[in-house]
$ cat final-v3.pdb   # PDB, C-alpha atoms
ATOM      1  CA  VAL A  29       0.000   0.000   0.000
ATOM      2  CA  GLY A  30       1.610   3.222  -1.137
ATOM      3  CA  ARG A  31       1.159   6.515   0.601
ATOM      4  CA  PRO A  32      -1.138   8.951  -1.171
ATOM      5  CA  VAL A  33       0.599  12.151  -2.145
ATOM      6  CA  PRO A  34      -0.614  15.368  -3.698
ATOM      7  CA  ARG A  35       1.085  16.435  -6.869
ATOM      8  CA  ASP A  36       2.230  19.947  -7.579
ATOM      9  CA  ASP A  37       2.478  19.985 -11.341
ATOM     10  CA  ASP A  38       0.313  18.930 -14.247
ATOM     11  CA  ARG A  39       2.382  15.821 -14.870
ATOM     12  CA  GLY A  40       1.831  14.482 -11.366
ATOM     13  CA  ARG A  41       5.241  15.207  -9.916
ATOM     14  CA  PHE A  42       6.412  17.149  -6.926
ATOM     15  CA  THR A  43       8.141  20.411  -7.629
ATOM     16  CA  SER A  44      10.630  19.935  -4.802
ATOM     17  CA  ALA A  45      12.224  17.304  -2.618
ATOM     18  CA  ALA A  46      11.179  19.329   0.429
ATOM     19  CA  ARG A  47       7.495  19.055  -0.495
ATOM     20  CA  GLU A  48       7.707  15.338  -1.223
ATOM     21  CA  THR A  49       9.540  14.544   2.008
ATOM     22  CA  GLY A  50       7.393  16.878   4.102
ATOM     23  CA  TYR A  51       4.128  15.437   2.832
ATOM     24  CA  ARG A  52       5.286  11.855   3.326
ATOM     25  CA  ASP A  53       6.521  12.548   6.856
ATOM     26  CA  GLY A  54       3.380  14.481   7.742
ATOM     27  CA  PHE A  55       1.072  11.813   6.383
ATOM     28  CA  GLU A  56       2.786   9.156   8.473
ATOM     29  CA  ALA A  57       2.736  11.335  11.599
ATOM     30  CA  GLY A  58      -0.953  12.127  11.071
ATOM     31  CA  GLN A  59      -1.845   8.462  10.685
ATOM     32  CA  ASN A  60       0.088   7.607  13.833
ATOM     33  CA  ALA A  61      -1.619  10.380  15.799
ATOM     34  CA  ALA A  62      -5.071   9.245  14.642
ATOM     35  CA  ARG A  63      -4.340   5.602  15.492
ATOM     36  CA  SER A  64      -3.165   6.656  18.952
ATOM     37  CA  ARG A  65      -6.212   8.902  19.341
ATOM     38  CA  ASP A  66      -3.928  11.888  19.914
ATOM     39  CA  ARG A  67      -5.196  15.385  19.251
ATOM     40  CA  PHE A  68      -4.662  16.993  15.862
ATOM     41  CA  ASP A  69      -1.421  18.952  16.237
ATOM     42  CA  PRO A  70       1.173  18.757  13.456
ATOM     43  CA  VAL A  71       3.311  21.502  15.029
ATOM     44  CA  ARG A  72       4.148  19.363  18.054
ATOM     45  CA  GLU A  73       5.846  16.773  15.819
ATOM     46  CA  LYS A  74       9.636  16.803  16.039
ATOM     47  CA  ARG A  75      10.157  16.536  12.285
ATOM     48  CA  TYR A  76       7.836  19.476  11.680
ATOM     49  CA  ARG A  77       9.653  21.618  14.231
ATOM     50  CA  GLU A  78      13.083  20.745  12.834
ATOM     51  CA  GLY A  79      11.881  21.031   9.229
ATOM     52  CA  ASP A  80      15.076  19.708   7.683
ATOM     53  CA  HIS A  81      14.518  15.952   7.308
ATOM     54  CA  ASP A  82      16.498  14.661   4.314
ATOM     55  CA  TYR A  83      17.821  18.137   3.466
ATOM     56  CA  ASP A  84      20.804  18.266   1.143
ATOM     57  CA  ARG A  85      22.559  21.499   0.242
ATOM     58  CA  ARG A  86      22.041  20.648  -3.430
ATOM     59  CA  TYR A  87      18.390  21.574  -2.820
ATOM     60  CA  GLY A  88      19.339  25.204  -2.189
ATOM     61  CA  SER A  89      18.557  27.377   0.802
ATOM     62  CA  LEU A  90      17.875  25.572   4.080
ATOM     63  CA  ASP A  91      15.346  28.245   5.035
ATOM     64  CA  GLU A  92      13.397  27.720   1.802
ATOM     65  CA  TYR A  93      13.558  23.932   2.265
ATOM     66  CA  LYS A  94      12.146  24.267   5.776
ATOM     67  CA  ARG A  95       9.318  26.509   4.584
ATOM     68  CA  GLU A  96       8.286  24.085   1.831
ATOM     69  CA  TYR A  97       8.785  21.030   4.042
ATOM     70  CA  ARG A  98       6.588  22.422   6.825
ATOM     71  CA  ASP A  99       3.857  23.516   4.430
ATOM     72  CA  ALA A 100       3.708  20.046   2.869
ATOM     73  CA  PHE A 101       4.014  18.364   6.288
ATOM     74  CA  LYS A 102       0.824  20.110   7.433
ATOM     75  CA  GLN A 103      -1.007  18.980   4.297
ATOM     76  CA  GLY A 104       0.185  15.405   4.728
ATOM     77  CA  TYR A 105      -0.608  15.383   8.422
ATOM     78  CA  ASP A 106      -4.141  16.542   7.743
ATOM     79  CA  ALA A 107      -4.682  13.852   5.104
ATOM     80  CA  GLY A 108      -3.168  11.105   7.259
ATOM     81  CA  TYR A 109      -5.061  12.131  10.386
ATOM     82  CA  ARG A 110      -8.396  12.311   8.603
ATOM     83  CA  GLY A 111      -7.819   9.135   6.590
ATOM     84  CA  ARG A 112      -7.909  10.844   3.207
ATOM     85  CA  ARG A 113      -5.946  10.013   0.120
TER
END
$ encode --input "final-v3.pdb" --output "structure tokens"
Amino acid sequence: VGRPVPRDDDRGRFTSAARETGYRDGFEAGQNAARSRDRFDPVREKRYREGDHDYDRRYGSLDEYKREYRDAFKQGYDAGYRGRR
């Protein structure tokens, strides 16, 4: 079973590694929170707060990576928590 992921472009691909990683991490964290009956709170997740999971300097600015990662993490968390695809 693959994880559902939103796509950013018209060909169904992510526009950045930060968005792909953030969504995937958020989706997993959201599913785990829902299974554990925890409250909805993506910001309390360590990976969200750090915002740099799988960062590589080839991706450009760390600040930009964190911004994109966190935005996608919230989207993924919401989908995972609510059981959406």
$ resolve_selection --input "final-v3.pdb" --expression "the PyMOL selection byres ((chain A and resi 96-98) around 6)" --output "PyMOL selection string"
chain A and resi 46-47+50+76+79+93-95+99-101
$ write_last_selection --input "final-v3.pdb" --atoms "C-alpha atoms" --output "CSV table (one decimal), keeping the file's coordinate frame"
chain,number,residue,atom,x,y,z
A,46,ALA,CA,11.2,19.3,0.4
A,47,ARG,CA,7.5,19.1,-0.5
A,50,GLY,CA,7.4,16.9,4.1
A,76,TYR,CA,7.8,19.5,11.7
A,79,GLY,CA,11.9,21.0,9.2
A,93,TYR,CA,13.6,23.9,2.3
A,94,LYS,CA,12.1,24.3,5.8
A,95,ARG,CA,9.3,26.5,4.6
A,99,ASP,CA,3.9,23.5,4.4
A,100,ALA,CA,3.7,20.0,2.9
A,101,PHE,CA,4.0,18.4,6.3
$ atom_distance --input "final-v3.pdb" --atom1 "atom CA of A:Gly111" --atom2 "atom CA of A:Ala62"
8.5 Å
$ closest_residue --input "final-v3.pdb" --among "A:Glu48, A:Asp53, A:Phe68, A:Asp82" --to "A:Tyr109" --atoms "only C-alpha atoms"
A:Phe68
$ atom_distance --input "final-v3.pdb" --atom1 "atom CA of A:Asp84" --atom2 "atom CA of A:Tyr51"
17.0 Å
$ residues_around --input "final-v3.pdb" --residues "A:Pro70" --least-positions-apart "4" --cutoff "8 Å" --atoms "all atoms listed in the file" --output "number ranges by chain"
A: 54, 57-58, 76, 101-102, 105
$ write_last_selection --input "final-v3.pdb" --atoms "C-alpha atoms" --output "PDB file, in the coordinates of the input"
ATOM      1  CA  GLY A  54       3.380  14.481   7.742  1.00  0.00           C
ATOM      2  CA  ALA A  57       2.736  11.335  11.599  1.00  0.00           C
ATOM      3  CA  GLY A  58      -0.953  12.127  11.071  1.00  0.00           C
ATOM      4  CA  TYR A  76       7.836  19.476  11.680  1.00  0.00           C
ATOM      5  CA  PHE A 101       4.014  18.364   6.288  1.00  0.00           C
ATOM      6  CA  LYS A 102       0.824  20.110   7.433  1.00  0.00           C
ATOM      7  CA  TYR A 105      -0.608  15.383   8.422  1.00  0.00           C
TER       8      TYR A 105
END
$ atom_distance --input "final-v3.pdb" --atom1 "atom CA of A:Arg65" --atom2 "atom CA of A:Gly108"
12.7 Å
$ closest_residue --input "final-v3.pdb" --among "A:Ser89, A:Ser44, A:Gln103, A:Thr49" --to "A:Asp69" --atoms "all atoms listed in the file"
A:Gln103
$ decode --input "final-v3.pdb" --residues "stretch 44-84 of chain A" --atoms "N, CA and C atoms" --output "PDB file, in the first residue's frame"
ATOM      1  N   SER A  44       9.425  19.873  -5.626  1.00  0.00           N
ATOM      2  CA  SER A  44      10.630  19.935  -4.802  1.00  0.00           C
ATOM      3  C   SER A  44      10.733  18.711  -3.896  1.00  0.00           C
ATOM      4  N   ALA A  45      11.970  18.401  -3.557  1.00  0.00           N
ATOM      5  CA  ALA A  45      12.224  17.304  -2.618  1.00  0.00           C
ATOM      6  C   ALA A  45      11.657  17.645  -1.244  1.00  0.00           C
ATOM      7  N   ALA A  46      11.696  18.912  -0.871  1.00  0.00           N
ATOM      8  CA  ALA A  46      11.179  19.329   0.429  1.00  0.00           C
ATOM      9  C   ALA A  46       9.689  19.020   0.542  1.00  0.00           C
ATOM     10  N   ARG A  47       8.941  19.313  -0.518  1.00  0.00           N
ATOM     11  CA  ARG A  47       7.495  19.055  -0.495  1.00  0.00           C
ATOM     12  C   ARG A  47       7.212  17.554  -0.446  1.00  0.00           C
ATOM     13  N   GLU A  48       7.930  16.782  -1.214  1.00  0.00           N
ATOM     14  CA  GLU A  48       7.707  15.338  -1.223  1.00  0.00           C
ATOM     15  C   GLU A  48       8.004  14.738   0.143  1.00  0.00           C
ATOM     16  N   THR A  49       9.145  15.088   0.709  1.00  0.00           N
ATOM     17  CA  THR A  49       9.540  14.544   2.008  1.00  0.00           C
ATOM     18  C   THR A  49       8.606  15.041   3.106  1.00  0.00           C
ATOM     19  N   GLY A  50       8.274  16.315   3.080  1.00  0.00           N
ATOM     20  CA  GLY A  50       7.393  16.878   4.102  1.00  0.00           C
ATOM     21  C   GLY A  50       6.022  16.236   4.101  1.00  0.00           C
ATOM     22  N   TYR A  51       5.454  16.053   2.910  1.00  0.00           N
ATOM     23  CA  TYR A  51       4.128  15.437   2.832  1.00  0.00           C
ATOM     24  C   TYR A  51       4.178  13.999   3.347  1.00  0.00           C
ATOM     25  N   ARG A  52       5.148  13.258   2.908  1.00  0.00           N
ATOM     26  CA  ARG A  52       5.286  11.855   3.326  1.00  0.00           C
ATOM     27  C   ARG A  52       5.431  11.757   4.838  1.00  0.00           C
ATOM     28  N   ASP A  53       6.321  12.581   5.403  1.00  0.00           N
ATOM     29  CA  ASP A  53       6.521  12.548   6.856  1.00  0.00           C
ATOM     30  C   ASP A  53       5.260  12.972   7.602  1.00  0.00           C
ATOM     31  N   GLY A  54       4.599  14.005   7.103  1.00  0.00           N
ATOM     32  CA  GLY A  54       3.380  14.481   7.742  1.00  0.00           C
ATOM     33  C   GLY A  54       2.258  13.464   7.685  1.00  0.00           C
ATOM     34  N   PHE A  55       2.120  12.823   6.538  1.00  0.00           N
ATOM     35  CA  PHE A  55       1.072  11.813   6.383  1.00  0.00           C
ATOM     36  C   PHE A  55       1.264  10.692   7.402  1.00  0.00           C
ATOM     37  N   GLU A  56       2.483  10.223   7.517  1.00  0.00           N
ATOM     38  CA  GLU A  56       2.786   9.156   8.473  1.00  0.00           C
ATOM     39  C   GLU A  56       2.529   9.603   9.908  1.00  0.00           C
ATOM     40  N   ALA A  57       2.956  10.815  10.242  1.00  0.00           N
ATOM     41  CA  ALA A  57       2.736  11.335  11.599  1.00  0.00           C
ATOM     42  C   ALA A  57       1.239  11.503  11.880  1.00  0.00           C
ATOM     43  N   GLY A  58       0.494  11.971  10.897  1.00  0.00           N
ATOM     44  CA  GLY A  58      -0.953  12.127  11.071  1.00  0.00           C
ATOM     45  C   GLY A  58      -1.655  10.795  11.280  1.00  0.00           C
ATOM     46  N   GLN A  59      -1.264   9.801  10.501  1.00  0.00           N
ATOM     47  CA  GLN A  59      -1.845   8.462  10.685  1.00  0.00           C
ATOM     48  C   GLN A  59      -1.544   7.935  12.081  1.00  0.00           C
ATOM     49  N   ASN A  60      -0.300   8.092  12.504  1.00  0.00           N
ATOM     50  CA  ASN A  60       0.088   7.607  13.833  1.00  0.00           C
ATOM     51  C   ASN A  60      -0.689   8.314  14.934  1.00  0.00           C
ATOM     52  N   ALA A  61      -0.863   9.618  14.797  1.00  0.00           N
ATOM     53  CA  ALA A  61      -1.619  10.380  15.799  1.00  0.00           C
ATOM     54  C   ALA A  61      -3.076   9.916  15.844  1.00  0.00           C
ATOM     55  N   ALA A  62      -3.676   9.697  14.688  1.00  0.00           N
ATOM     56  CA  ALA A  62      -5.071   9.245  14.642  1.00  0.00           C
ATOM     57  C   ALA A  62      -5.211   7.860  15.266  1.00  0.00           C
ATOM     58  N   ARG A  63      -4.288   6.959  14.922  1.00  0.00           N
ATOM     59  CA  ARG A  63      -4.340   5.602  15.492  1.00  0.00           C
ATOM     60  C   ARG A  63      -4.215   5.629  17.007  1.00  0.00           C
ATOM     61  N   SER A  64      -3.380   6.547  17.507  1.00  0.00           N
ATOM     62  CA  SER A  64      -3.165   6.656  18.952  1.00  0.00           C
ATOM     63  C   SER A  64      -4.226   7.511  19.636  1.00  0.00           C
ATOM     64  N   ARG A  65      -5.158   8.022  18.843  1.00  0.00           N
ATOM     65  CA  ARG A  65      -6.212   8.902  19.341  1.00  0.00           C
ATOM     66  C   ARG A  65      -5.640  10.161  19.988  1.00  0.00           C
ATOM     67  N   ASP A  66      -4.514  10.627  19.459  1.00  0.00           N
ATOM     68  CA  ASP A  66      -3.928  11.888  19.914  1.00  0.00           C
ATOM     69  C   ASP A  66      -4.676  13.042  19.263  1.00  0.00           C
ATOM     70  N   ARG A  67      -4.553  14.201  19.830  1.00  0.00           N
ATOM     71  CA  ARG A  67      -5.196  15.385  19.251  1.00  0.00           C
ATOM     72  C   ARG A  67      -4.497  15.779  17.951  1.00  0.00           C
ATOM     73  N   PHE A  68      -5.203  16.499  17.126  1.00  0.00           N
ATOM     74  CA  PHE A  68      -4.662  16.993  15.862  1.00  0.00           C
ATOM     75  C   PHE A  68      -3.707  18.133  16.166  1.00  0.00           C
ATOM     76  N   ASP A  69      -2.408  17.915  15.925  1.00  0.00           N
ATOM     77  CA  ASP A  69      -1.421  18.952  16.237  1.00  0.00           C
ATOM     78  C   ASP A  69      -0.116  18.679  15.497  1.00  0.00           C
ATOM     79  N   PRO A  70      -0.047  19.037  14.219  1.00  0.00           N
ATOM     80  CA  PRO A  70       1.173  18.757  13.456  1.00  0.00           C
ATOM     81  C   PRO A  70       2.390  19.512  13.978  1.00  0.00           C
ATOM     82  N   VAL A  71       2.193  20.668  14.586  1.00  0.00           N
ATOM     83  CA  VAL A  71       3.311  21.502  15.029  1.00  0.00           C
ATOM     84  C   VAL A  71       4.078  20.861  16.182  1.00  0.00           C
ATOM     85  N   ARG A  72       3.437  19.998  16.929  1.00  0.00           N
ATOM     86  CA  ARG A  72       4.148  19.363  18.054  1.00  0.00           C
ATOM     87  C   ARG A  72       5.103  18.261  17.590  1.00  0.00           C
ATOM     88  N   GLU A  73       4.997  17.847  16.337  1.00  0.00           N
ATOM     89  CA  GLU A  73       5.846  16.773  15.819  1.00  0.00           C
ATOM     90  C   GLU A  73       7.283  17.256  15.640  1.00  0.00           C
ATOM     91  N   LYS A  74       8.209  16.446  16.089  1.00  0.00           N
ATOM     92  CA  LYS A  74       9.636  16.803  16.039  1.00  0.00           C
ATOM     93  C   LYS A  74      10.094  17.117  14.613  1.00  0.00           C
ATOM     94  N   ARG A  75       9.712  16.297  13.655  1.00  0.00           N
ATOM     95  CA  ARG A  75      10.157  16.536  12.285  1.00  0.00           C
ATOM     96  C   ARG A  75       9.596  17.839  11.733  1.00  0.00           C
ATOM     97  N   TYR A  76       8.387  18.192  12.105  1.00  0.00           N
ATOM     98  CA  TYR A  76       7.836  19.476  11.680  1.00  0.00           C
ATOM     99  C   TYR A  76       8.666  20.613  12.268  1.00  0.00           C
ATOM    100  N   ARG A  77       8.918  20.542  13.565  1.00  0.00           N
ATOM    101  CA  ARG A  77       9.653  21.618  14.231  1.00  0.00           C
ATOM    102  C   ARG A  77      11.057  21.771  13.660  1.00  0.00           C
ATOM    103  N   GLU A  78      11.726  20.663  13.392  1.00  0.00           N
ATOM    104  CA  GLU A  78      13.083  20.745  12.834  1.00  0.00           C
ATOM    105  C   GLU A  78      13.029  21.186  11.371  1.00  0.00           C
ATOM    106  N   GLY A  79      12.123  20.615  10.602  1.00  0.00           N
ATOM    107  CA  GLY A  79      11.881  21.031   9.229  1.00  0.00           C
ATOM    108  C   GLY A  79      12.967  20.734   8.218  1.00  0.00           C
ATOM    109  N   ASP A  80      13.948  19.923   8.592  1.00  0.00           N
ATOM    110  CA  ASP A  80      15.076  19.708   7.683  1.00  0.00           C
ATOM    111  C   ASP A  80      15.329  18.230   7.350  1.00  0.00           C
ATOM    112  N   HIS A  81      14.340  17.381   7.573  1.00  0.00           N
ATOM    113  CA  HIS A  81      14.518  15.952   7.308  1.00  0.00           C
ATOM    114  C   HIS A  81      14.903  15.725   5.846  1.00  0.00           C
ATOM    115  N   ASP A  82      15.966  15.006   5.635  1.00  0.00           N
ATOM    116  CA  ASP A  82      16.498  14.661   4.314  1.00  0.00           C
ATOM    117  C   ASP A  82      17.012  15.865   3.508  1.00  0.00           C
ATOM    118  N   TYR A  83      17.277  16.972   4.173  1.00  0.00           N
ATOM    119  CA  TYR A  83      17.821  18.137   3.466  1.00  0.00           C
ATOM    120  C   TYR A  83      19.218  17.832   2.928  1.00  0.00           C
ATOM    121  N   ASP A  84      19.478  18.333   1.756  1.00  0.00           N
ATOM    122  CA  ASP A  84      20.804  18.266   1.143  1.00  0.00           C
ATOM    123  C   ASP A  84      21.081  19.643   0.550  1.00  0.00           C
TER     124      ASP A  84
END
